[in-house]
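What follows is run36.cif (mmCIF, C-alpha atoms).
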```cif
data_query
#
loop_
_atom_site.label_atom_id
_atom_site.label_comp_id
_atom_site.auth_asym_id
_atom_site.auth_seq_id
_atom_site.Cartn_x
_atom_site.Cartn_y
_atom_site.Cartn_z
CA TYR A 12 139.08 101.09 145.28
CA LEU A 13 135.75 100.94 143.43
CA ASP A 14 134.06 97.74 144.51
CA ALA A 15 130.85 97.90 142.48
CA ASP A 16 130.39 94.14 142.30
CA TYR A 17 126.95 94.23 143.90
CA SER A 18 123.37 94.96 142.88
CA GLY A 19 122.85 98.71 142.58
CA GLY A 20 126.57 99.40 142.50
CA PHE A 21 128.62 101.78 140.39
CA THR A 22 126.87 101.71 136.98
CA ASP A 23 127.80 103.28 133.65
CA PRO A 24 125.96 106.59 134.21
CA LEU A 25 127.54 106.96 137.64
CA GLN A 26 130.94 106.10 136.24
CA GLN A 27 130.58 108.92 133.74
CA VAL A 28 129.76 111.34 136.57
CA PHE A 29 132.86 110.09 138.37
CA LEU A 30 135.03 110.59 135.29
CA ASP A 31 133.57 114.05 134.69
CA GLU A 32 134.48 115.14 138.20
CA ILE A 33 137.91 113.64 138.77
CA ALA A 34 141.19 113.76 136.85
CA SER A 35 144.90 113.55 137.41
CA THR A 36 146.76 116.84 137.63
CA SER A 37 150.33 118.06 137.75
CA GLN A 38 150.36 117.19 141.47
CA VAL A 39 148.03 114.19 141.68
CA ASN A 40 147.84 110.80 139.97
CA VAL A 41 144.45 109.06 140.05
CA VAL A 42 144.68 105.28 139.81
CA VAL A 43 141.53 103.14 140.09
CA ILE A 44 140.72 99.47 140.45
CA GLN A 45 137.12 98.75 139.55
CA ASP A 46 135.00 95.61 139.50
CA THR A 47 131.30 95.48 138.63
CA LEU A 48 128.65 92.80 138.37
CA ALA A 49 128.51 93.12 134.60
CA ASP A 50 132.17 93.49 133.63
CA PRO A 51 135.57 92.08 134.61
CA ALA A 52 137.85 94.11 136.83
CA CYS A 53 140.54 96.41 135.57
CA ILE A 54 143.04 98.96 136.81
CA TYR A 55 142.89 102.28 135.04
CA TYR A 56 144.38 105.75 135.15
CA ILE A 57 142.30 108.92 134.80
CA ASP A 58 144.39 111.35 132.83
CA GLU A 59 144.25 115.17 132.87
CA ASN A 60 141.52 115.13 130.20
CA HIS A 61 139.21 112.95 132.37
CA THR A 62 139.90 110.00 130.09
CA LYS A 63 139.89 106.45 131.43
CA VAL A 64 143.14 104.76 130.37
CA VAL A 65 143.11 101.02 131.07
CA LEU A 66 146.42 99.88 132.56
CA GLU A 67 145.66 96.24 133.33
CA GLU A 68 142.73 93.93 132.62
CA LEU A 69 142.33 91.62 135.63
CA GLY A 70 139.34 89.44 134.80
CA GLU A 71 137.06 88.57 137.70
CA VAL A 72 138.52 89.36 141.12
CA ASN A 73 137.10 89.13 144.61
CA MET A 74 137.11 92.70 145.93
CA ALA A 75 136.53 91.35 149.45
CA ASP A 76 139.89 89.56 149.27
CA PRO A 77 142.60 91.56 151.08
CA HIS A 78 145.18 90.33 148.57
CA VAL A 79 143.35 92.23 145.82
CA LEU A 80 143.58 95.44 147.84
CA GLN A 81 147.18 94.69 148.76
CA GLU A 82 148.21 94.10 145.15
CA PHE A 83 146.41 97.24 144.00
CA LEU A 84 148.18 99.37 146.62
CA ALA A 85 151.53 97.83 145.73
CA TYR A 86 150.90 98.44 142.03
CA GLY A 87 149.91 102.06 142.57
CA LYS A 88 152.90 102.82 144.77
CA GLU A 89 155.32 101.14 142.37
CA GLN A 90 153.97 102.67 139.17
CA TYR A 91 153.01 106.08 140.58
CA PRO A 92 155.24 106.79 143.59
CA ALA A 93 154.18 109.85 145.56
CA GLU A 94 154.97 111.81 148.67
CA ARG A 95 151.56 110.95 150.13
CA TYR A 96 148.72 108.54 149.42
CA LEU A 97 144.95 108.92 149.81
CA LEU A 98 142.83 105.79 149.46
CA TRP A 99 139.13 106.05 148.61
CA VAL A 100 137.14 102.87 149.32
CA TYR A 101 133.70 102.53 147.70
CA ASN A 102 131.15 99.83 148.57
CA HIS A 103 128.79 98.85 151.37
CA GLY A 104 130.17 99.33 154.87
CA GLY A 105 129.32 97.76 158.20
CA ALA A 106 131.23 99.49 161.03
CA TRP A 107 133.02 96.80 163.09
CA LYS A 108 132.12 94.17 160.48
CA GLY A 109 134.24 95.82 157.79
CA ALA A 110 133.33 96.66 154.20
CA CYS A 111 133.45 95.59 150.55
CA LEU A 112 131.16 92.72 149.69
CA ASP A 113 131.48 91.02 146.29
CA GLU A 114 128.33 89.37 144.98
CA THR A 115 129.99 87.56 142.08
CA ASP A 116 132.24 85.71 144.50
CA ASN A 117 129.52 85.44 147.17
CA ALA A 118 131.84 87.27 149.59
CA ILE A 119 130.07 89.16 152.35
CA GLY A 120 132.93 91.58 153.00
CA MET A 121 136.49 92.26 154.06
CA THR A 122 136.93 92.31 157.82
CA LEU A 123 138.80 95.16 159.46
CA ASP A 124 141.58 92.75 160.31
CA LYS A 125 141.95 91.97 156.60
CA PHE A 126 141.98 95.68 155.75
CA HIS A 127 144.78 96.07 158.26
CA GLN A 128 146.62 93.15 156.69
CA ALA A 129 146.49 94.66 153.20
CA LEU A 130 147.50 98.13 154.36
CA SER A 131 150.29 97.05 156.67
CA GLU A 132 151.85 94.80 154.03
CA THR A 133 152.12 97.77 151.65
CA GLY A 134 153.25 100.45 154.10
CA GLY A 135 149.83 102.01 154.72
CA VAL A 136 148.44 105.27 153.38
CA ASP A 137 148.26 108.79 154.75
CA ILE A 138 144.48 109.19 154.50
CA ILE A 139 141.69 106.68 154.01
CA CYS A 140 138.19 107.78 153.08
CA PHE A 141 135.38 105.23 153.12
CA LEU A 142 132.58 106.04 150.68
CA ALA A 143 130.45 103.55 152.57
CA CYS A 144 127.96 103.30 155.43
CA LEU A 145 128.79 103.22 159.14
CA MET A 146 132.59 103.18 158.88
CA SER A 147 133.35 105.90 161.44
CA SER A 148 133.39 103.42 164.30
CA ILE A 149 135.94 103.20 167.08
CA GLU A 150 136.60 99.59 166.11
CA ALA A 151 137.51 100.55 162.53
CA VAL A 152 139.71 103.48 163.49
CA TYR A 153 141.46 101.46 166.19
CA GLU A 154 142.08 98.55 163.80
CA LEU A 155 143.78 100.81 161.24
CA ARG A 156 145.59 103.01 163.78
CA ASN A 157 149.05 102.01 162.55
CA ASP A 158 148.16 102.04 158.85
CA VAL A 159 146.69 105.52 158.27
CA ASP A 160 147.11 108.99 159.78
CA VAL A 161 143.61 110.34 159.08
CA PHE A 162 140.46 108.23 158.89
CA ILE A 163 137.36 109.66 157.16
CA GLY A 164 133.94 108.03 157.06
CA SER A 165 130.23 108.25 157.74
CA GLU A 166 129.04 107.39 161.24
CA ASP A 167 125.57 106.52 159.95
CA LEU A 168 124.28 105.46 156.54
CA ALA A 169 125.93 106.95 153.46
CA TYR A 170 124.22 107.85 150.22
CA MET A 171 125.69 107.71 146.74
CA THR A 172 124.54 111.25 145.99
CA TRP A 173 126.94 112.58 148.64
CA PHE A 174 129.96 111.46 146.65
CA ASP A 175 129.33 113.73 143.67
CA ASP A 176 132.14 116.26 143.33
CA ILE A 177 133.98 115.14 146.49
CA CYS A 178 136.87 113.34 144.79
CA GLY A 179 137.22 116.11 142.21
CA ASP A 180 137.18 118.82 144.88
CA THR A 181 139.85 116.94 146.81
CA ASN A 182 142.11 116.53 143.78
CA GLN A 183 141.87 120.25 143.08
CA LEU A 184 142.70 120.96 146.72
CA LEU A 185 145.80 118.75 146.59
CA THR A 186 146.87 120.40 143.35
CA ASP A 187 146.39 123.95 144.61
CA SER A 188 147.70 123.34 148.14
CA PRO A 189 150.10 120.38 148.05
CA THR A 190 151.70 121.26 151.40
CA LEU A 191 148.50 121.03 153.44
CA SER A 192 148.78 118.64 156.38
CA ASN A 193 146.88 115.37 156.40
CA GLU A 194 144.60 116.73 159.11
CA ALA A 195 143.87 119.88 157.11
CA ILE A 196 143.01 117.74 154.08
CA GLY A 197 140.70 115.64 156.25
CA SER A 198 138.96 118.78 157.50
CA LYS A 199 138.48 120.07 153.96
CA ILE A 200 137.00 116.77 152.77
CA VAL A 201 134.45 116.91 155.59
CA GLN A 202 133.75 120.52 154.61
CA TYR A 203 133.17 119.48 150.99
CA PHE A 204 130.62 116.89 152.05
CA GLN A 205 128.79 119.54 154.05
CA GLU A 206 128.97 122.30 151.43
CA ASN A 207 127.79 120.12 148.56
CA ASN A 208 124.47 119.73 150.37
CA ASN A 209 123.57 116.72 148.25
CA PRO A 210 120.37 114.89 149.20
CA PRO A 211 119.42 113.63 151.66
CA ALA A 212 121.42 116.42 153.30
CA SER A 213 119.46 116.02 156.53
CA LYS A 214 120.94 112.51 156.96
CA LEU A 215 124.58 113.49 156.50
CA THR A 216 127.16 112.22 158.98
CA ILE A 217 130.85 112.55 158.13
CA SER A 218 133.92 112.83 160.31
CA ALA A 219 137.70 113.05 160.06
CA LEU A 220 139.55 111.25 162.83
CA ARG A 221 143.11 111.37 164.16
CA THR A 222 144.36 107.80 164.47
CA GLU A 223 147.44 108.57 166.57
CA ASN A 224 145.20 109.31 169.57
CA ILE A 225 142.74 106.42 169.24
CA ALA A 226 144.74 104.19 171.59
CA SER A 227 144.36 106.77 174.36
CA LEU A 228 140.60 106.80 173.80
CA ALA A 229 140.53 103.00 173.97
CA THR A 230 142.47 103.12 177.25
CA ALA A 231 140.07 105.68 178.73
CA ILE A 232 137.09 103.50 177.76
CA ASP A 233 138.86 100.48 179.24
CA ASP A 234 139.36 102.33 182.55
CA LEU A 235 135.72 103.41 182.60
CA VAL A 236 134.23 99.97 182.02
CA SER A 237 136.73 98.43 184.43
CA TYR A 238 135.40 100.74 187.13
CA TYR A 239 131.79 99.86 186.27
CA MET A 240 132.49 96.14 186.32
CA LYS A 241 133.99 96.46 189.81
CA HIS A 242 130.90 98.39 190.97
CA TRP A 243 128.32 96.59 188.85
CA LEU A 244 125.39 96.36 191.26
CA ARG A 245 125.25 100.09 191.80
CA SER A 246 126.21 101.01 188.21
CA TYR A 247 123.96 98.81 186.09
CA ARG A 248 120.81 100.97 186.20
CA SER A 249 122.74 104.07 185.15
CA ILE A 250 124.38 102.16 182.30
CA LYS A 251 121.05 100.74 181.16
CA ASN A 252 119.47 104.18 181.23
CA ALA A 253 122.37 105.68 179.24
CA TYR A 254 122.12 102.87 176.69
CA ASN A 255 118.38 103.35 176.29
CA ASN A 256 118.84 107.06 175.62
CA THR A 257 121.78 106.82 173.19
CA PHE A 258 121.34 107.37 169.46
CA LEU A 259 121.12 104.15 167.45
CA LEU A 260 122.86 104.33 164.06
CA SER A 261 121.31 102.89 160.87
CA ASN A 262 117.98 103.02 162.64
CA LEU A 263 116.03 101.13 159.99
CA GLU A 264 114.26 97.94 160.98
CA GLU A 265 116.22 95.79 158.52
CA TRP A 266 119.59 97.42 159.24
CA ALA A 267 119.98 98.29 162.92
CA PRO A 268 119.87 94.70 164.26
CA VAL A 269 122.58 93.69 161.77
CA PHE A 270 125.21 96.04 163.22
CA GLU A 271 123.99 97.41 166.58
CA VAL A 272 126.16 100.53 166.70
CA TYR A 273 125.48 103.55 168.87
CA ASP A 274 126.89 107.05 169.10
CA LEU A 275 129.90 106.79 171.41
CA ARG A 276 130.01 110.31 172.79
CA GLY A 277 126.26 110.32 173.32
CA PHE A 278 126.50 107.19 175.47
CA ILE A 279 129.29 108.67 177.59
CA GLU A 280 127.40 111.94 178.05
CA ASN A 281 124.29 110.03 179.16
CA LEU A 282 126.20 108.35 181.98
CA PRO A 283 126.57 109.96 185.43
CA GLN A 284 129.55 112.24 185.02
CA SER A 285 132.77 111.38 186.82
CA SER A 286 136.52 111.64 186.41
CA GLN A 287 136.38 108.47 184.26
CA THR A 288 133.74 109.84 181.88
CA GLU A 289 135.60 113.17 181.68
CA ALA A 290 138.74 111.25 180.68
CA VAL A 291 136.84 109.49 177.89
CA LEU A 292 135.35 112.75 176.60
CA GLY A 293 138.75 114.45 176.66
CA ALA A 294 140.31 111.55 174.76
CA PHE A 295 137.40 111.64 172.29
CA ASP A 296 138.10 115.30 171.56
CA ASP A 297 141.74 114.45 170.88
CA VAL A 298 140.68 111.90 168.24
CA LEU A 299 138.07 114.02 166.47
CA ILE A 300 139.52 116.42 163.90
CA THR A 301 136.11 117.60 162.72
CA GLU A 302 132.64 116.28 161.95
CA ALA A 303 129.50 117.42 160.16
CA HIS A 304 125.94 116.18 160.39
CA GLY A 305 122.53 116.98 158.98
CA THR A 306 119.47 118.23 160.81
CA ASP A 307 118.14 114.71 161.44
CA MET A 308 121.44 113.60 162.98
CA GLU A 309 121.90 116.08 165.83
CA GLU A 310 122.61 113.24 168.27
CA THR A 311 125.66 112.03 166.34
CA HIS A 312 129.19 113.16 167.18
CA GLY A 313 131.43 111.43 164.63
CA LEU A 314 132.28 108.05 166.16
CA SER A 315 130.20 104.96 166.97
CA ILE A 316 130.68 101.82 169.06
CA PHE A 317 129.11 98.37 169.05
CA PHE A 318 126.67 97.78 171.91
CA GLN A 319 124.44 95.01 173.22
CA PRO A 320 122.26 93.49 170.49
CA ARG A 321 118.60 94.24 171.12
CA LYS A 322 117.07 91.30 169.26
CA SER A 323 119.88 88.75 169.11
CA PRO A 324 121.75 88.55 172.41
CA TYR A 325 124.34 86.07 171.16
CA GLY A 326 125.01 86.03 167.40
CA LEU A 327 126.55 89.46 166.92
CA PHE A 328 128.25 89.36 170.29
CA ARG A 329 129.94 86.06 169.40
CA ASP A 330 131.31 87.50 166.16
CA TYR A 331 132.44 90.71 167.84
CA GLY A 332 134.55 88.92 170.45
CA ASP A 333 135.71 85.99 168.33
CA LYS A 334 139.50 86.05 168.21
CA SER A 335 139.44 84.61 164.70
CA TYR A 336 137.42 87.67 163.63
CA GLY A 337 140.43 89.71 164.66
CA LEU A 338 138.99 92.89 166.16
CA ASP A 339 141.83 94.54 168.07
CA PHE A 340 139.51 96.78 170.07
CA ALA A 341 137.55 93.78 171.37
CA GLN A 342 140.77 91.98 172.30
CA ASP A 343 142.72 94.92 173.74
CA THR A 344 140.00 96.36 176.00
CA LEU A 345 137.41 95.10 178.47
CA TRP A 346 134.55 96.37 176.30
CA ASN A 347 133.65 92.83 175.24
CA GLU A 348 133.59 91.60 178.83
CA PHE A 349 131.54 94.64 179.81
CA LEU A 350 129.00 93.80 177.11
CA PHE A 351 128.80 90.20 178.28
CA LEU A 352 128.03 91.31 181.82
CA PHE A 353 125.44 93.76 180.48
CA ILE A 354 123.73 91.12 178.34
CA LEU A 355 123.77 88.55 181.15
CA THR A 356 122.23 91.00 183.62
CA ASN A 357 119.50 91.90 181.13
CA ILE A 358 118.63 88.23 180.66
CA LEU A 359 118.57 87.54 184.39
CA LEU A 360 116.37 90.53 185.12
CA LYS A 361 113.91 89.53 182.38
CA LYS A 362 113.56 86.15 184.03
#
```

Please go through the file and, once you have read it, give me the structure as structure tokens.
Amino acid sequence: YLDADYSGGFTDPLQQVFLDEIASTSQVNVVVIQDTLADPACIYYIDENHTKVVLEELGEVNMADPHVLQEFLAYGKEQYPAERYLLWVYNHGGAWKGACLDETDNAIGMTLDKFHQALSETGGVDIICFLACLMSSIEAVYELRNDVDVFIGSEDLAYMTWFDDICGDTNQLLTDSPTLSNEAIGSKIVQYFQENNNPPASKLTISALRTENIASLATAIDDLVSYYMKHWLRSYRSIKNAYNNTFLLSNLEEWAPVFEVYDLRGFIENLPQSSQTEAVLGAFDDVLITEAHGTDMEETHGLSIFFQPRKSPYGLFRDYGDKSYGLDFAQDTLWNEFLFLFILTNILLKK
């Protein structure tokens, strides 16, 4: 799902690199939908000779529209039925905000709820891999828990150079070892990202996550914050200290305040340890298949979570908890209420 309808997106030279690296094989069919700023969208097949064969010309489409993703998945499954399906999604990503903006249609992105809608309507896929920033968030994995078995993404920023060879390596893996489990495939994809060592290798974060256990992790977090909310006066300082010492993802001045996501395991480990924190860490380990990170990212562990906005106490928080935004994690757990109490206490103490 190559959404290159944005400035700096998938250009002709990069497309040639993509075509050089990836091809269909005796075991794998490669079907692509692509939209760019310069050209209308099309669906094409990459044959065994690395040739782009146009299947359908679509004209201008909004790649942030879940119906476009839904129709593409339905088309691929109907025309190229397979035992398993791996979906690559290329564009900007924004953790709990979703992914896939479309500049031509002035669409800022597809929410996670809309991703879920498109996937659920077409029977889901076995593996999803986001070639996008910040997508390894608990909110994203939880939202797609019933639509995919293995979720792969970058916890922090992602760089286009990392994607060289990855799709081609994966196709060769599926051709040579078609009986590998979904989890084993996820592990190998993470390994490929690490082994390719493409710059900036020091900034790499990539993880493969087991969706069937994400609900247990959400429950453990719910139990933890429920305990803290019941014992708020004696817990707040410890929570504040843990928050202050937890790794902030996308830590660039223009980016961090837009998403406000922090390393989940790091936050839990910074809290006073208890049976509740041990339960969260155990559930975290059950979700994580494997992760890899560069030398500048030693404080990342493969999964992020939204936390209290530093500069805008209300805007992001409103979106995060808005029922119309559709975040299951915010609705199914007390994390949103916990954040509200945290923000309110911060404001009162500042006064």

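Note on the selection: in this file the PyMOL selection byres ((chain A and resi 311) around 8) comes out as Glu166, Thr216, Phe258, Asp274, Arg276, Gly277, His304, Met308, Glu309, Glu310, His312, Gly313 and Leu314 of chain A.
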
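What separates atom CA of A:Leu184 from atom CA of A:Gln202 is a distance of 11.9 Å.
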
Quick check on the file I pasted: which residues fall under the PyMOL selection byres ((chain A and resi 131) around 12)? Write them as a list in words. Pro77, His78, Leu80, Gln81, Leu84, Ala85, Leu123, Asp124, Lys125, Phe126, His127, Gln128, Ala129, Leu130, Glu132, Thr133, Gly134, Gly135, Val136, Glu154, Leu155, Arg156, Asn157, Asp158 and Val159 of chain A

Given the PyMOL selection byres ((chain A and resi 294-303) around 9) and the file above, list the residues it selects as a VMD selection string. chain A and resid 161 194 to 195 197 to 198 201 to 202 204 to 205 215 to 225 227 to 229 231 275 to 276 289 to 293 304 to 305 312 to 314

Can you list, as a ChimeraX atom specification, every protein, DNA or RNA residue that comes within 6 Å of stretch 243-257 of chain A when you count only C-alpha atoms, leaving out same-chain residues fewer than 2 positions away? /A:239-241,277-278,281-282

Please report the interatomic distance between atom CA of A:Leu30 and atom CA of A:Tyr86 in Å with one decimal. 21.1 Å

Around (122.1, 102.1, 157.8) in the file's own coordinates, what residues are found within 12 Å if you use only C-alpha atoms, given back as a compact mmCIF listing (two decimals) with C-alpha atoms, keeping the file's coordinate frame?
```
# COMPACT_ATOMS: atom_id res chain seq x y z
CA HIS A 103 128.79 98.85 151.37
CA GLY A 104 130.17 99.33 154.87
CA GLY A 105 129.32 97.76 158.20
CA ALA A 106 131.23 99.49 161.03
CA ALA A 143 130.45 103.55 152.57
CA CYS A 144 127.96 103.30 155.43
CA LEU A 145 128.79 103.22 159.14
CA MET A 146 132.59 103.18 158.88
CA SER A 165 130.23 108.25 157.74
CA GLU A 166 129.04 107.39 161.24
CA ASP A 167 125.57 106.52 159.95
CA LEU A 168 124.28 105.46 156.54
CA ALA A 169 125.93 106.95 153.46
CA TYR A 170 124.22 107.85 150.22
CA LYS A 214 120.94 112.51 156.96
CA LEU A 215 124.58 113.49 156.50
CA THR A 216 127.16 112.22 158.98
CA LEU A 259 121.12 104.15 167.45
CA LEU A 260 122.86 104.33 164.06
CA SER A 261 121.31 102.89 160.87
CA ASN A 262 117.98 103.02 162.64
CA LEU A 263 116.03 101.13 159.99
CA GLU A 264 114.26 97.94 160.98
CA GLU A 265 116.22 95.79 158.52
CA TRP A 266 119.59 97.42 159.24
CA ALA A 267 119.98 98.29 162.92
CA PRO A 268 119.87 94.70 164.26
CA VAL A 269 122.58 93.69 161.77
CA PHE A 270 125.21 96.04 163.22
CA GLU A 271 123.99 97.41 166.58
CA VAL A 272 126.16 100.53 166.70
CA TYR A 273 125.48 103.55 168.87
```

So, counting all atoms listed in the file, which residue among A:Ile33, A:Ala226, A:Met74, A:Ala110 is closest to A:Phe174?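 For A:Phe174, the nearest of the candidates is A:Ile33.
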